[in-house]
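> Sending over a structure as structure tokens; questions will come in a sec.
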Amino acid sequence: NKNLRVGANYAFNFNPVSVEPFKKNDSLFTGKYWKILKDFNFNVLPSSFTLNTDVNRQFNSQRFREVELGGNNIAIEELFRRNYTFDFQYTINFNLTKALQLNFSASNNNIVRNYFKEGIINGEQDPTLDVWDGFFDFGDPNRQFQQLGITYELPLYKIPTLSFISATYQYSGDFQWQKGSDLYGNLELDGQTYDLGNTIQNANTHNLNTTLDMNKLYKYIGLTKKRVTTVRARTTGAPPGPSQNNAAKVKSSNKGSAKLLNAGIDIITMIKRVQINYSENNGTFLPGYLQTPGFIGTTKPTLGYTFGSQNDIRYLAARNGWLTVFPEFNQQYTETNSKQLDLSASLEPVSDFKIDIIGNRTYYENYTENYRINTVAGEYEYESLTPNTFGNFNISTILIKTAFSNSDETSSAAFNEFRANRIKIAERLALDKGVDLNNPDNIGDDGFPKGFGKNNQAVLLPSFLAAYTGSNANGVSLGAFRNTPIPNWDIKYTGFMKFAWFKKNFKRFSVTHGYRSNYTINQFRSNLDYNDIDYTLDYVNQPNDVLDQSGNYKNETLY
């Protein structure tokens, strides 16, 4: 057994060279609204650079003793096992401005195979080679990963009108190249040799965190409470004269007006804080990629893709001959997308009475497909096979309009409304497709437009949502998704402790109330049996393959 590990680390911190061209120019940028320009700055040099390398070599040989070897016994050859790797990583940190930070890191994992005779991969190993032989052979890439990170504090707070807004944007772009199996580097089929290639994948993340400090806004526009003071009249022992009585009345009137004004300001300025957070994640996975990255990284298939861009690169990679042409290739191309929006607000209409408003929306989608590369007129073309989409969805909503409606073991007011809504939704769907509802040939025996029956999913979903949210079926959206989250709430009141009886009997006393309601699609997916049709051509005599077993038109998406 022999083990060799050699590592080297290097780090360098640059002296900052910050340029602030307008910092001392007071004659030009004198007003407070020019602060955003006066504070303009940038750095010439990066902040730091680090480099880490690691050579790791493990060698093991094992020989079995030959005891009474003879007859039909077969000798076991000496066993060699080697694991030679060379890894390195580098990182660059760059504070482009005081508010904009950038960092980039890349790492490579290389496999060294310099111990095979005559350089034949997976051939016979040379037992004379030691762990020190070919020390500066850095091998071939096995895995490469790189990441770009950006953090930007939006300078909105430097504008007096927007000083109450604090916002930070973060971006992360990832790229990974993974070597494919050597066993499939020379795959033969029908007399031809194919390479199944490697895999590449990328991802990006967008995060926007925004806080609105409403107290700053109220102060800026002058919505502040007036100070209430009590001024006592000076007495000299003589009975008060008429002027003193009038002064007391004026002071009492002013005090009452100030209290009333402050109560109004409390209501107007009840919103104390608003938080808006948005995050988005995207990624792609492309197998069958034939290219190999360089020693310190790669800009292929595109520079944007290596930094996390989600622009479609399939057709470009196919035209350039970068994708495998193996006719029976069955690894899937994948795209993922998720979006999440979180809203919250803190309200305080009066002292000791607090309300927290909470809303959210989450959307996740995954797209997969097989593909094939065809040769047309001497050029490679990408062909998509069996595309499929699936995902889930969740959004906050309010169902309190129907939560306490009449219901018992045999009937429900909301459910009856749900059933009654179906004919309205079916007619709206048919009209959107240009169907003449005055033509009796377009109406089924149950009174519903043909193809849009009472059990069609496209009819049921909007009918259900209209009924249980208490909305009008004639105005409800016909789609399954909703864009705007409707906030839920938490309420807390702690003012009872101001009363003597509560102080005497309790150390702490509060009343709380909360409401949560969510509309969730556990899964939506593509209907692989869906056929796109033109209703206007022949609405009555549609081909049978566009209808399901119930005589309804097949929906593009199943929920």
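Lettering and numbering for the structure tokens are positional, with chains as A, B, ... in the shown order, residues counted from 1 in each chain, and ligands counted from 1 in the shown order.
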What parts of segment 124-218 of chain A does DSSP call strand (DSSP E)? I'd like the answer as a PyMOL selection string.

chain A and resi 140-154+165-178+187-189+192-194+198-213

> If we count only C-alpha atoms, what is near Tyr315 of chain A at a cut-off of 10 Å, once residues fewer than 3 positions away on the same chain are taken out, given as JSON, numbers by chain?

{"A": [312, 318, 319, 320, 321, 322, 323, 373, 380, 381, 382, 383]}

> Give me, as a ChimeraX atom specification, all polymer residues having an atom no more than 10 Å from Asn421 of chain A, counting only C-alpha atoms and skipping those fewer than 3 positions away in the same chain.

/A:415-418,424-426,454,459-460,462-467,472-474

> State, in Å with one decimal place, the distance from atom CA of Asp130 of chain A to atom CA of Ile76 of chain A.

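Computed distance, atom CA of Asp130 of chain A to atom CA of Ile76 of chain A, equals 22.2 Å.
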
> What separation in Å, quoted to one decimal, exists between atom CA of Arg516 of chain A and atom CA of Ile357 of chain A?

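Distance reported for this atom pair: 10.6 Å.
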
> Between A:Ser338, A:Asn95, A:Thr484, A:Asn455, which residue has the minimum interatomic distance to Ile395 of chain A, considering only C-alpha atoms?

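The shortest atom-to-atom distance to Ile395 of chain A comes from A:Thr484.
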
> Give me, as an MDAnalysis selection string, all polymer residues having an atom no more than 9 Å from segment 172-184 of chain A, counting only C-alpha atoms and skipping those fewer than 3 positions away in the same chain.

chainID A and resid 121:122 141:151 187 194:207 283 287:289 292:293 305:309

> Considering only C-alpha atoms, return as a list of chain:residue names whatever protein or nucleic-acid residues lie within 9 Å of Asp137 of chain A, sequence-local ones (same chain, fewer than 3 positions apart) excluded.

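Surrounding residues, per the criterion: A:Phe86, A:Val112, A:Arg113, A:Asn114, A:Asp133, A:Gly134.
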
> Would you output that residue set with N, CA and C atoms, as a short mmCIF file (atom, residue, chain, number, x, y, z; two decimals), in the first residue's frame?


data_model
loop_
_atom_site.label_atom_id
_atom_site.label_comp_id
_atom_site.auth_asym_id
_atom_site.auth_seq_id
_atom_site.Cartn_x
_atom_site.Cartn_y
_atom_site.Cartn_z
N PHE A 86 -6.32 14.50 -9.43
CA PHE A 86 -5.76 15.85 -9.29
C PHE A 86 -6.93 16.82 -9.23
N VAL A 112 -6.28 10.73 -13.16
CA VAL A 112 -4.99 10.48 -13.82
C VAL A 112 -4.88 8.99 -14.12
N ARG A 113 -4.59 8.66 -15.38
CA ARG A 113 -4.46 7.27 -15.79
C ARG A 113 -3.12 7.06 -16.51
N ASN A 114 -2.07 7.52 -15.90
CA ASN A 114 -0.75 7.42 -16.54
C ASN A 114 -0.05 6.10 -16.24
N ASP A 133 5.73 8.62 -10.14
CA ASP A 133 5.96 8.68 -11.58
C ASP A 133 4.89 9.54 -12.26
N GLY A 134 5.32 10.35 -13.18
CA GLY A 134 4.39 11.23 -13.89
C GLY A 134 3.66 12.16 -12.95
#
